[in-house]
$ cat start-v9.txt   # compact mmCIF, C-alpha atoms and all ligand atoms
# COMPACT_ATOMS: atom_id res chain seq x y z
CA MET A 14 -30.06 -8.26 -5.51
CA ASN A 15 -26.67 -8.52 -3.82
CA GLU A 16 -26.36 -12.03 -2.39
CA HIS A 17 -22.94 -11.49 -0.86
CA VAL A 18 -22.66 -11.97 2.89
CA ILE A 19 -19.83 -10.72 5.09
CA SER A 20 -19.01 -12.96 8.04
CA SER A 21 -16.99 -11.89 11.04
CA GLY A 22 -14.21 -14.28 10.00
CA GLY A 23 -12.25 -15.85 12.82
CA GLY A 24 -9.27 -17.88 13.79
CA THR A 25 -5.60 -17.29 13.09
CA VAL A 26 -4.55 -14.74 10.52
CA LEU A 27 -1.14 -14.23 8.95
CA VAL A 28 -0.45 -10.64 7.93
CA ALA A 29 2.59 -10.53 5.64
CA GLY A 30 3.93 -6.99 5.70
CA GLY A 31 2.23 -6.53 9.06
CA ALA A 32 4.84 -4.10 10.41
CA GLY A 33 4.29 -1.70 7.53
CA PHE A 34 2.07 1.37 7.40
CA VAL A 35 -1.12 -0.36 6.21
CA GLY A 36 -0.20 -3.79 7.62
CA SER A 37 0.14 -2.55 11.20
CA HIS A 38 -3.29 -0.87 11.07
CA LEU A 39 -4.68 -4.14 9.74
CA CYS A 40 -3.08 -6.06 12.65
CA ASP A 41 -4.74 -3.62 15.08
CA LEU A 42 -8.15 -4.13 13.51
CA LEU A 43 -7.87 -7.93 13.38
CA LEU A 44 -6.81 -8.11 17.03
CA ALA A 45 -9.69 -5.82 17.97
CA ARG A 46 -12.04 -8.24 16.19
CA GLY A 47 -10.77 -11.21 18.19
CA HIS A 48 -8.33 -12.88 15.79
CA ARG A 49 -5.01 -14.36 16.62
CA VAL A 50 -2.50 -12.47 14.46
CA ILE A 51 0.88 -13.59 13.18
CA CYS A 52 2.71 -10.63 11.72
CA LEU A 53 5.42 -11.45 9.21
CA ASP A 54 7.77 -8.73 8.01
CA ASN A 55 11.37 -8.42 6.80
CA LEU A 56 11.43 -4.82 8.11
CA GLN A 57 12.73 -3.53 4.76
CA THR A 58 10.25 -0.65 4.91
CA GLY A 59 8.12 -1.79 7.85
CA SER A 60 9.15 -0.80 11.34
CA ARG A 61 9.17 -2.32 14.81
CA ARG A 62 7.80 0.94 16.11
CA ASN A 63 4.52 0.35 14.24
CA ILE A 64 3.85 -2.89 16.13
CA GLU A 65 5.54 -2.00 19.41
CA PRO A 66 2.22 -1.54 21.27
CA LEU A 67 1.18 -5.07 20.22
CA HIS A 68 4.17 -6.98 21.54
CA ASN A 69 2.54 -7.86 24.86
CA HIS A 70 -0.78 -8.68 23.29
CA PRO A 71 -1.60 -12.35 24.06
CA ARG A 72 -2.92 -13.01 20.54
CA PHE A 73 -0.06 -11.31 18.64
CA THR A 74 3.16 -12.87 17.33
CA PHE A 75 5.86 -11.20 15.25
CA VAL A 76 8.08 -13.22 12.89
CA LYS A 77 10.94 -11.44 11.12
CA ALA A 78 11.19 -13.10 7.71
CA ASP A 79 11.15 -12.34 4.01
CA ILE A 80 8.23 -13.88 2.08
CA CYS A 81 10.68 -14.87 -0.68
CA ASP A 82 12.35 -17.31 1.73
CA PRO A 83 10.88 -20.70 2.71
CA LEU A 84 8.83 -20.47 5.87
CA ALA A 85 7.30 -23.21 7.97
CA LEU A 86 4.66 -22.32 10.54
CA ASP A 87 3.40 -24.87 13.00
CA THR A 88 0.20 -22.90 13.65
CA ARG A 89 -2.82 -23.67 11.48
CA LEU A 90 -3.78 -20.57 9.50
CA ASN A 91 -7.33 -19.57 8.59
CA GLN A 92 -6.53 -16.47 6.56
CA ILE A 93 -3.49 -14.88 4.92
CA TYR A 94 -3.25 -11.20 3.94
CA ASN A 95 -0.31 -10.41 1.67
CA LEU A 96 0.77 -6.79 2.09
CA ALA A 97 4.48 -7.55 1.93
CA CYS A 98 6.09 -5.25 -0.65
CA PRO A 99 7.62 -1.78 -0.56
CA ALA A 100 4.95 0.49 -2.04
CA SER A 101 6.40 3.96 -2.55
CA PRO A 102 8.20 4.62 -5.85
CA PRO A 103 11.62 5.49 -4.34
CA HIS A 104 11.54 2.47 -2.05
CA TYR A 105 10.35 -0.07 -4.61
CA GLN A 106 12.80 1.29 -7.18
CA ALA A 107 15.73 1.09 -4.74
CA ASP A 108 16.01 -2.67 -5.26
CA PRO A 109 13.80 -3.38 -8.29
CA VAL A 110 14.74 -7.04 -8.69
CA HIS A 111 13.82 -7.79 -5.11
CA THR A 112 10.56 -5.85 -5.57
CA MET A 113 9.62 -8.02 -8.55
CA MET A 114 10.63 -11.22 -6.74
CA THR A 115 8.63 -10.20 -3.67
CA SER A 116 5.46 -9.99 -5.76
CA VAL A 117 6.08 -13.14 -7.79
CA VAL A 118 8.18 -15.58 -5.71
CA GLY A 119 6.93 -14.24 -2.38
CA THR A 120 3.26 -14.23 -3.37
CA GLY A 121 3.73 -17.71 -4.88
CA ARG A 122 5.10 -18.99 -1.57
CA LEU A 123 2.26 -17.46 0.44
CA LEU A 124 -0.32 -18.89 -1.96
CA ALA A 125 1.26 -22.33 -1.56
CA MET A 126 1.00 -21.86 2.19
CA ALA A 127 -2.67 -20.86 1.84
CA GLU A 128 -3.31 -24.01 -0.19
CA ALA A 129 -1.53 -26.23 2.35
CA HIS A 130 -3.46 -24.68 5.25
CA GLY A 131 -6.78 -24.41 3.43
CA ALA A 132 -6.59 -20.71 4.32
CA ARG A 133 -8.35 -17.87 2.57
CA PHE A 134 -5.95 -15.46 0.84
CA LEU A 135 -6.10 -11.73 0.17
CA GLN A 136 -3.58 -10.09 -2.13
CA ALA A 137 -2.89 -6.38 -1.71
CA SER A 138 -2.72 -5.31 -5.32
CA THR A 139 -2.58 -1.74 -6.52
CA SER A 140 -3.98 0.96 -8.76
CA GLU A 141 -0.54 0.78 -10.42
CA VAL A 142 -1.85 -2.20 -12.40
CA TYR A 143 -3.72 0.44 -14.44
CA GLY A 144 -0.42 2.24 -15.19
CA ASP A 145 -0.91 5.66 -16.79
CA PRO A 146 -4.61 5.02 -17.43
CA GLU A 147 -6.38 5.86 -20.64
CA GLU A 148 -9.76 5.25 -19.03
CA HIS A 149 -11.01 7.42 -16.22
CA PRO A 150 -12.09 6.71 -13.55
CA GLN A 151 -10.55 3.24 -13.39
CA ARG A 152 -12.93 0.29 -13.26
CA GLU A 153 -11.77 -3.22 -12.49
CA ASP A 154 -12.47 -4.38 -16.06
CA TYR A 155 -9.95 -1.89 -17.49
CA TRP A 156 -6.76 -3.79 -18.43
CA GLY A 157 -4.41 -0.89 -17.90
CA HIS A 158 -1.63 0.95 -19.71
CA VAL A 159 1.67 -0.13 -18.18
CA ASN A 160 5.22 0.27 -19.49
CA CYS A 161 6.80 -3.12 -18.83
CA THR A 162 10.39 -1.85 -19.24
CA GLY A 163 10.32 1.39 -17.24
CA PRO A 164 11.44 2.12 -13.66
CA ARG A 165 7.93 1.50 -12.27
CA ALA A 166 7.62 -1.89 -13.95
CA CYS A 167 9.23 -3.85 -11.11
CA TYR A 168 6.24 -2.89 -8.97
CA ASP A 169 3.47 -2.61 -11.57
CA GLU A 170 4.30 -5.78 -13.46
CA GLY A 171 5.15 -7.65 -10.25
CA LYS A 172 1.74 -6.82 -8.83
CA ARG A 173 0.06 -7.75 -12.12
CA ALA A 174 1.83 -11.13 -12.08
CA ALA A 175 0.80 -11.64 -8.45
CA GLU A 176 -2.83 -11.09 -9.49
CA THR A 177 -2.37 -13.68 -12.24
CA LEU A 178 -1.13 -16.24 -9.70
CA CYS A 179 -4.13 -15.56 -7.47
CA PHE A 180 -6.69 -15.94 -10.22
CA ASP A 181 -5.05 -19.06 -11.69
CA LEU A 182 -5.11 -20.78 -8.30
CA GLN A 183 -8.63 -19.52 -7.69
CA ARG A 184 -9.86 -20.90 -11.05
CA ALA A 185 -8.16 -24.22 -10.35
CA GLY A 186 -10.08 -24.40 -7.06
CA ARG A 187 -6.83 -24.60 -5.10
CA VAL A 188 -6.98 -21.34 -3.11
CA ASP A 189 -9.86 -19.08 -2.15
CA ALA A 190 -8.03 -15.92 -3.24
CA ARG A 191 -9.24 -12.33 -3.26
CA VAL A 192 -7.53 -9.30 -4.82
CA ALA A 193 -7.84 -5.72 -3.56
CA ARG A 194 -6.59 -2.98 -5.88
CA ILE A 195 -5.49 -0.36 -3.39
CA PHE A 196 -5.38 3.28 -4.46
CA ASN A 197 -3.21 5.92 -2.75
CA THR A 198 -3.58 5.60 1.00
CA TYR A 199 -2.34 7.85 3.81
CA GLY A 200 -2.44 8.20 7.57
CA PRO A 201 -0.42 7.89 10.76
CA ARG A 202 2.59 5.52 10.64
CA MET A 203 3.67 6.55 7.16
CA ARG A 204 7.42 6.93 7.18
CA PRO A 205 8.74 10.51 6.99
CA ASP A 206 11.13 9.26 4.29
CA ASP A 207 8.40 7.28 2.51
CA GLY A 208 8.80 9.50 -0.56
CA ARG A 209 5.13 9.68 -1.51
CA ILE A 210 3.27 12.91 -1.95
CA ILE A 211 1.38 13.29 1.33
CA SER A 212 4.32 12.36 3.54
CA ASN A 213 6.70 14.53 1.50
CA LEU A 214 4.46 17.61 1.58
CA VAL A 215 3.64 17.37 5.29
CA VAL A 216 7.25 16.71 6.29
CA GLN A 217 8.50 19.55 4.08
CA ALA A 218 5.89 21.94 5.51
CA LEU A 219 6.81 20.98 9.08
CA ARG A 220 10.49 21.62 8.31
CA ASN A 221 9.80 24.92 6.51
CA ALA A 222 11.47 23.34 3.49
CA PRO A 223 10.38 23.80 -0.14
CA LEU A 224 7.32 21.74 -1.11
CA THR A 225 8.43 19.66 -4.08
CA ILE A 226 5.86 19.39 -6.87
CA TYR A 227 6.98 17.14 -9.71
CA GLY A 228 5.93 18.53 -13.07
CA THR A 229 3.12 21.09 -13.21
CA GLY A 230 1.18 19.61 -10.30
CA GLY A 231 -1.78 19.12 -12.64
CA GLN A 232 -1.57 15.33 -12.28
CA THR A 233 -4.25 13.92 -9.99
CA ARG A 234 -4.53 11.28 -7.30
CA SER A 235 -7.30 10.07 -4.96
CA PHE A 236 -6.41 9.63 -1.31
CA CYS A 237 -7.97 7.10 1.05
CA TYR A 238 -7.54 7.31 4.82
CA VAL A 239 -5.98 4.17 6.24
CA SER A 240 -8.86 3.24 8.60
CA ASP A 241 -11.24 3.19 5.62
CA LEU A 242 -8.85 1.04 3.64
CA VAL A 243 -8.30 -1.65 6.28
CA GLU A 244 -12.05 -1.92 6.85
CA GLY A 245 -12.41 -2.58 3.10
CA LEU A 246 -9.67 -5.23 3.19
CA VAL A 247 -11.31 -7.10 6.06
CA ARG A 248 -14.70 -7.01 4.36
CA LEU A 249 -13.22 -8.33 1.12
CA MET A 250 -11.51 -11.18 2.99
CA ASN A 251 -14.74 -12.17 4.74
CA VAL A 252 -17.30 -11.78 1.99
CA SER A 253 -19.01 -14.88 0.58
CA PRO A 254 -19.15 -16.06 -2.10
CA ASN A 255 -15.73 -15.11 -3.49
CA PRO A 256 -16.15 -12.02 -5.74
CA GLU A 257 -14.02 -13.81 -8.40
CA GLY A 258 -12.42 -10.64 -9.65
CA PRO A 259 -10.36 -7.74 -8.34
CA VAL A 260 -12.02 -5.06 -6.21
CA ASN A 261 -10.88 -1.42 -6.18
CA LEU A 262 -10.46 0.09 -2.71
CA GLY A 263 -9.84 3.81 -2.63
CA ASN A 264 -11.43 7.18 -2.10
CA PRO A 265 -12.99 8.57 -5.29
CA GLY A 266 -12.26 12.20 -4.28
CA GLU A 267 -9.72 13.34 -6.90
CA PHE A 268 -7.18 16.13 -6.28
CA PRO A 269 -4.54 17.73 -8.46
CA ILE A 270 -1.20 17.53 -6.66
CA SER A 271 -0.90 21.34 -6.67
CA GLU A 272 -4.20 21.60 -4.80
CA LEU A 273 -2.98 19.06 -2.27
CA ALA A 274 0.05 21.28 -1.60
CA GLU A 275 -2.31 24.23 -0.93
CA ILE A 276 -4.41 22.11 1.43
CA VAL A 277 -1.31 21.02 3.37
CA LEU A 278 -0.06 24.62 3.59
CA SER A 279 -3.45 25.70 4.91
CA MET A 280 -3.22 23.10 7.69
CA VAL A 281 0.46 23.31 8.68
CA PRO A 282 1.78 26.71 9.77
CA SER A 283 4.93 27.03 7.64
CA THR A 284 7.13 29.40 5.69
CA SER A 285 7.45 26.80 2.90
CA ARG A 286 6.93 27.69 -0.75
CA VAL A 287 6.27 25.37 -3.67
CA VAL A 288 9.14 24.43 -6.00
CA HIS A 289 8.69 22.50 -9.23
CA GLU A 290 10.96 19.57 -10.09
CA PRO A 291 10.99 17.26 -13.13
CA LEU A 292 8.23 14.70 -13.41
CA PRO A 293 9.42 11.13 -12.73
CA VAL A 294 9.47 8.71 -15.67
CA ASP A 295 6.08 7.09 -16.41
CA ASP A 296 4.32 9.10 -13.70
CA PRO A 297 0.56 8.43 -14.13
CA ARG A 298 -1.28 11.62 -15.14
CA ARG A 299 -4.50 10.88 -13.32
CA ARG A 300 -6.00 8.33 -11.04
CA ARG A 301 -9.41 7.83 -9.48
CA PRO A 302 -11.08 4.59 -8.47
CA ASP A 303 -14.51 3.55 -9.60
CA ILE A 304 -15.69 1.84 -6.39
CA ALA A 305 -19.10 0.63 -7.58
CA ARG A 306 -17.98 -2.99 -7.11
CA ALA A 307 -16.82 -2.45 -3.52
CA ARG A 308 -20.03 -0.58 -2.74
CA HIS A 309 -22.16 -3.37 -4.17
CA LEU A 310 -20.24 -6.44 -2.94
CA LEU A 311 -18.95 -5.17 0.39
CA GLY A 312 -21.33 -2.34 1.29
CA TRP A 313 -18.12 -0.32 1.61
CA GLN A 314 -17.25 3.25 0.88
CA PRO A 315 -14.75 5.62 2.48
CA GLN A 316 -16.01 7.60 5.46
CA VAL A 317 -13.08 9.98 6.06
CA PRO A 318 -12.72 13.05 3.83
CA LEU A 319 -9.21 14.28 3.03
CA ALA A 320 -9.23 17.32 5.32
CA GLU A 321 -10.36 15.14 8.22
CA GLY A 322 -7.79 12.40 7.62
CA LEU A 323 -4.98 14.88 7.22
CA ARG A 324 -5.36 16.09 10.83
CA PRO A 325 -4.20 12.88 12.57
CA THR A 326 -1.69 12.36 9.77
CA ILE A 327 -0.10 15.75 10.39
CA ALA A 328 -0.18 15.09 14.15
CA TRP A 329 1.72 11.84 13.54
CA PHE A 330 4.42 13.54 11.49
CA ARG A 331 4.76 16.25 14.15
CA GLN A 332 5.65 13.45 16.59
CA VAL A 333 8.18 11.68 14.41
CA VAL A 334 9.84 14.42 12.37
CA PRO A 335 12.79 15.89 14.21
CA ARG A 336 12.94 19.66 14.33
CA THR A 337 16.40 19.59 12.78
CA GLN A 338 17.09 19.59 9.05
CA PRO A 339 18.01 15.96 8.28
CA GLU A 340 18.34 14.21 4.92
CA PRO A 341 16.17 15.46 2.08
CA VAL A 342 12.94 13.54 1.56
CA LEU A 343 13.07 10.86 -1.06
CA ARG A 344 11.93 11.28 -4.59
CA ALA A 345 11.04 8.91 -7.34
CA LEU A 346 13.19 9.73 -10.34
CA ALA A 347 14.71 6.69 -11.97
CA GLY A 348 18.11 8.34 -11.62
CA ASP A 349 17.73 8.44 -7.85
CA ALA A 350 17.13 4.71 -7.56
CA ALA A 351 20.80 3.82 -7.79
CA HIS A 352 21.58 6.29 -5.04
CA LEU A 353 18.89 4.72 -2.87
CA ALA A 354 20.03 1.19 -3.63
CA ALA A 355 23.49 2.16 -2.41
CA ARG A 356 21.93 3.22 0.89
CA ALA A 357 19.62 0.20 1.22
CA PRO A 358 20.62 -2.34 3.88
CA ALA A 359 22.52 -5.36 2.52
CA ARG A 360 20.16 -8.26 1.89
CA LYS A 361 20.81 -11.51 0.15
CA ASP A 362 19.52 -11.86 -3.38
CA VAL A 363 16.48 -13.92 -4.17
CA SER A 364 16.91 -16.76 -6.57
N1 LIG B 401 4.83 13.89 -6.22
C1 LIG B 401 5.22 15.22 -6.16
N2 LIG B 401 6.11 15.57 -5.18
C2 LIG B 401 6.60 14.70 -4.28
C3 LIG B 401 6.19 13.34 -4.34
C4 LIG B 401 5.30 12.97 -5.34
O1 LIG B 401 4.80 16.06 -6.94
O2 LIG B 401 7.40 15.11 -3.41
C5 LIG B 401 3.85 13.52 -7.25
C6 LIG B 401 4.26 12.31 -8.10
O3 LIG B 401 5.04 12.71 -9.20
C7 LIG B 401 2.89 11.76 -8.50
C8 LIG B 401 1.99 12.11 -7.30
O4 LIG B 401 2.67 13.13 -6.59
O5 LIG B 401 2.41 12.45 -9.63
C9 LIG B 401 1.76 10.93 -6.38
O6 LIG B 401 3.02 10.36 -6.13
P1 LIG B 401 3.26 9.26 -5.03
O7 LIG B 401 4.72 8.98 -5.04
O8 LIG B 401 2.61 9.66 -3.75
O9 LIG B 401 2.46 7.97 -5.49
P2 LIG B 401 2.10 7.31 -6.88
O10 LIG B 401 0.64 7.46 -6.97
O11 LIG B 401 2.79 8.03 -8.01
O12 LIG B 401 2.57 5.91 -6.73

$ encode --input "start-v9.txt" --output "structure tokens"
Amino acid sequence: MNEHVISSGGGTVLVAGGAGFVGSHLCDLLLARGHRVICLDNLQTGSRRNIEPLHNHPRFTFVKADICDPLALDTRLNQIYNLACPASPPHYQADPVHTMMTSVVGTGRLLAMAEAHGARFLQASTSEVYGDPEEHPQREDYWGHVNCTGPRACYDEGKRAAETLCFDLQRAGRVDARVARIFNTYGPRMRPDDGRIISNLVVQALRNAPLTIYGTGGQTRSFCYVSDLVEGLVRLMNVSPNPEGPVNLGNPGEFPISELAEIVLSMVPSTSRVVHEPLPVDDPRRRRPDIARARHLLGWQPQVPLAEGLRPTIAWFRQVVPRTQPEPVLRALAGDAAHLAARAPARKDVS
């Protein structure tokens, strides 16, 4: 019998990365459930626009800060969600050292804050900890197949190290930490220049530009709509007792990338055609979550099928994508990272 209970939570919640795509939806949900929310973001990939509607909310505060820097808050925190990290390959590869430091130094700082406040902690980890998986679908007890020297390592290994910090502090009884392994997620508020597959395809279709498929398009991913994901995060934060292990959150529906391009073209009137480009280094060949643990512990499973979630996502991109032909969408080849780094805003190094 499942003896896990999900409480409604309560009190003051820090959402690191709260101005990002997923983080801002999480802020919305937490406010709707009566929490006081402090949103922390360095705005590297997050955006003020995502949290604009919340600025006059009496229980919402925005703090612009980087989690790698020391931070003192005078408000007592009950819960901390750590979603602070660029998550799309071109963005996290643009400044790989900072990406790694964000997961290790930044997560370490937030965990220390959780310990000092006696706050519960949830780490947004990733399906990338499984690397290019040799087991399919991916269960939480699979240790993964990650290249620790490749261009994805700054993210994959950073997130793996962040998990290690969480479980060490959890075992030592110092922080009540939970780890969500988030699979590919999509929805409104994704950046048009995010560089990931759904945003790229929809933006390209809207602009009548070629739909870029890297490699054959036979590689697969599983796509979770953002409202399903944030519901899973909140349940994982509020479940008792602590699950004491990572929990996959994602939609088990698995699609080859070429099929996704067909679905997008069937939903966006467009003159676009598919073009094939080289596969990025270390690109995982397939990915699908086994969500038995989330079903059992959290009573959670995704409710929104891909075709349904794509509608509001496409509507969002229609709003934000100018009708002109601006810069090409980003891609995730290692060779492009230097180009992106050159365009990234200046930021001081983390030591
Ligand atoms: N991809 C693609 N065209 C694009 C962007 C991505 O074919 O314009 C592929 C990419 O190579 C990968 C899959 O789509 O196989 C998902 O990539 P994404 O960057 O969305 O996320 P990932 O799961 O790789 O982190």

$ residues_near_ligand --input "start-v9.txt" --ligand "ligand LIG 401 (chain B)" --cutoff "9 Å" --atoms "all atoms listed in the file" --output "compact mmCIF listing (two decimals) with C-alpha atoms, in the frame of the given file"
# COMPACT_ATOMS: atom_id res chain seq x y z
CA ALA A 100 4.95 0.49 -2.04
CA SER A 101 6.40 3.96 -2.55
CA PRO A 102 8.20 4.62 -5.85
CA PRO A 103 11.62 5.49 -4.34
CA SER A 140 -3.98 0.96 -8.76
CA GLU A 141 -0.54 0.78 -10.42
CA ARG A 165 7.93 1.50 -12.27
CA PHE A 196 -5.38 3.28 -4.46
CA ASN A 197 -3.21 5.92 -2.75
CA THR A 198 -3.58 5.60 1.00
CA ASP A 207 8.40 7.28 2.51
CA GLY A 208 8.80 9.50 -0.56
CA ARG A 209 5.13 9.68 -1.51
CA ILE A 210 3.27 12.91 -1.95
CA ILE A 211 1.38 13.29 1.33
CA SER A 212 4.32 12.36 3.54
CA ASN A 213 6.70 14.53 1.50
CA LEU A 214 4.46 17.61 1.58
CA GLN A 217 8.50 19.55 4.08
CA LEU A 224 7.32 21.74 -1.11
CA THR A 225 8.43 19.66 -4.08
CA ILE A 226 5.86 19.39 -6.87
CA TYR A 227 6.98 17.14 -9.71
CA GLY A 228 5.93 18.53 -13.07
CA THR A 229 3.12 21.09 -13.21
CA GLY A 230 1.18 19.61 -10.30
CA GLY A 231 -1.78 19.12 -12.64
CA GLN A 232 -1.57 15.33 -12.28
CA THR A 233 -4.25 13.92 -9.99
CA ARG A 234 -4.53 11.28 -7.30
CA SER A 235 -7.30 10.07 -4.96
CA PRO A 269 -4.54 17.73 -8.46
CA ILE A 270 -1.20 17.53 -6.66
CA SER A 271 -0.90 21.34 -6.67
CA ALA A 274 0.05 21.28 -1.60
CA HIS A 289 8.69 22.50 -9.23
CA GLU A 290 10.96 19.57 -10.09
CA PRO A 291 10.99 17.26 -13.13
CA LEU A 292 8.23 14.70 -13.41
CA PRO A 293 9.42 11.13 -12.73
CA VAL A 294 9.47 8.71 -15.67
CA ASP A 296 4.32 9.10 -13.70
CA PRO A 297 0.56 8.43 -14.13
CA ARG A 298 -1.28 11.62 -15.14
CA ARG A 299 -4.50 10.88 -13.32
CA ARG A 300 -6.00 8.33 -11.04
CA VAL A 342 12.94 13.54 1.56
CA LEU A 343 13.07 10.86 -1.06
CA ARG A 344 11.93 11.28 -4.59
CA ALA A 345 11.04 8.91 -7.34
CA LEU A 346 13.19 9.73 -10.34

$ closest_residue --input "start-v9.txt" --among "A:Gly24, A:Gly322, A:Pro315, A:Pro265" --to "His149 of chain A" --atoms "only C-alpha atoms"
A:Pro265

$ closest_residue --input "start-v9.txt" --among "A:Phe180, A:Ala78, A:Glu267, A:Pro205" --to "Trp329 of chain A" --atoms "only C-alpha atoms"
A:Pro205

$ atom_distance --input "start-v9.txt" --atom1 "atom CA of Asn91 of chain A" --atom2 "atom CA of Leu123 of chain A"
12.8 Å

$ atom_distance --input "start-v9.txt" --atom1 "atom CA of Tyr199 of chain A" --atom2 "atom CA of Ile276 of chain A"
14.6 Å

$ atom_distance --input "start-v9.txt" --atom1 "atom CA of Phe268 of chain A" --atom2 "atom CA of Tyr105 of chain A"
23.9 Å

$ closest_residue --input "start-v9.txt" --among "A:Glu148, A:Ser240, A:Arg202, A:Val35" --to "Arg62 of chain A" --atoms "only C-alpha atoms"
A:Arg202

$ closest_residue --input "start-v9.txt" --among "A:Leu53, A:Asp108, A:Gln151, A:Met203" --to "Gln332 of chain A" --atoms "all atoms listed in the file"
A:Met203

$ closest_residue --input "start-v9.txt" --among "A:Asn264, A:Asn221, A:Gln106, A:Gln183" --to "Pro150 of chain A" --atoms "all atoms listed in the file"
A:Asn264

$ residues_around --input "start-v9.txt" --residues "segment 39-45 of chain A" --least-positions-apart "5" --cutoff "8 Å" --atoms "all atoms listed in the file" --output "list in words"
Val28, Gly31, Val50, Cys52, Leu67, Arg72, Phe73 and Val243 of chain A

$ decode --input "start-v9.txt" --residues "segment 178-191 of chain A" --atoms "N, CA and C atoms" --output "mmCIF file, in the first residue's frame"
data_model
loop_
_atom_site.group_PDB
_atom_site.id
_atom_site.type_symbol
_atom_site.label_atom_id
_atom_site.label_comp_id
_atom_site.auth_asym_id
_atom_site.auth_seq_id
_atom_site.Cartn_x
_atom_site.Cartn_y
_atom_site.Cartn_z
ATOM 1 N N LEU A 178 24.891 16.212 -4.186
ATOM 2 C CA LEU A 178 24.818 17.120 -3.029
ATOM 3 C C LEU A 178 23.499 16.924 -2.282
ATOM 4 N N CYS A 179 22.408 16.855 -3.027
ATOM 5 C CA CYS A 179 21.091 16.699 -2.387
ATOM 6 C C CYS A 179 21.025 15.417 -1.568
ATOM 7 N N PHE A 180 21.482 14.316 -2.154
ATOM 8 C CA PHE A 180 21.330 13.041 -1.437
ATOM 9 C C PHE A 180 22.318 12.907 -0.284
ATOM 10 N N ASP A 181 23.496 13.543 -0.398
ATOM 11 C CA ASP A 181 24.424 13.522 0.742
ATOM 12 C C ASP A 181 23.839 14.295 1.924
ATOM 13 N N LEU A 182 23.269 15.469 1.645
ATOM 14 C CA LEU A 182 22.695 16.266 2.736
ATOM 15 C C LEU A 182 21.437 15.601 3.286
ATOM 16 N N GLN A 183 20.706 14.942 2.416
ATOM 17 C CA GLN A 183 19.511 14.207 2.840
ATOM 18 C C GLN A 183 19.908 13.061 3.780
ATOM 19 N N ARG A 184 20.924 12.271 3.363
ATOM 20 C CA ARG A 184 21.370 11.132 4.188
ATOM 21 C C ARG A 184 21.906 11.596 5.539
ATOM 22 N N ALA A 185 22.573 12.772 5.516
ATOM 23 C CA ALA A 185 23.127 13.294 6.771
ATOM 24 C C ALA A 185 22.046 13.912 7.662
ATOM 25 N N GLY A 186 20.812 13.934 7.169
ATOM 26 C CA GLY A 186 19.713 14.498 7.961
ATOM 27 C C GLY A 186 19.765 16.010 8.053
ATOM 28 N N ARG A 187 20.494 16.641 7.139
ATOM 29 C CA ARG A 187 20.649 18.104 7.235
ATOM 30 C C ARG A 187 19.626 18.870 6.411
ATOM 31 N N VAL A 188 19.182 18.297 5.297
ATOM 32 C CA VAL A 188 18.166 18.964 4.462
ATOM 33 C C VAL A 188 17.169 17.918 3.987
ATOM 34 N N ASP A 189 15.896 18.285 4.032
ATOM 35 C CA ASP A 189 14.857 17.427 3.459
ATOM 36 C C ASP A 189 14.805 17.745 1.960
ATOM 37 N N ALA A 190 15.619 16.997 1.187
ATOM 38 C CA ALA A 190 15.777 17.314 -0.243
ATOM 39 C C ALA A 190 15.058 16.290 -1.107
ATOM 40 N N ARG A 191 14.481 16.807 -2.193
ATOM 41 C CA ARG A 191 13.806 15.951 -3.171
ATOM 42 C C ARG A 191 14.378 16.242 -4.556
#
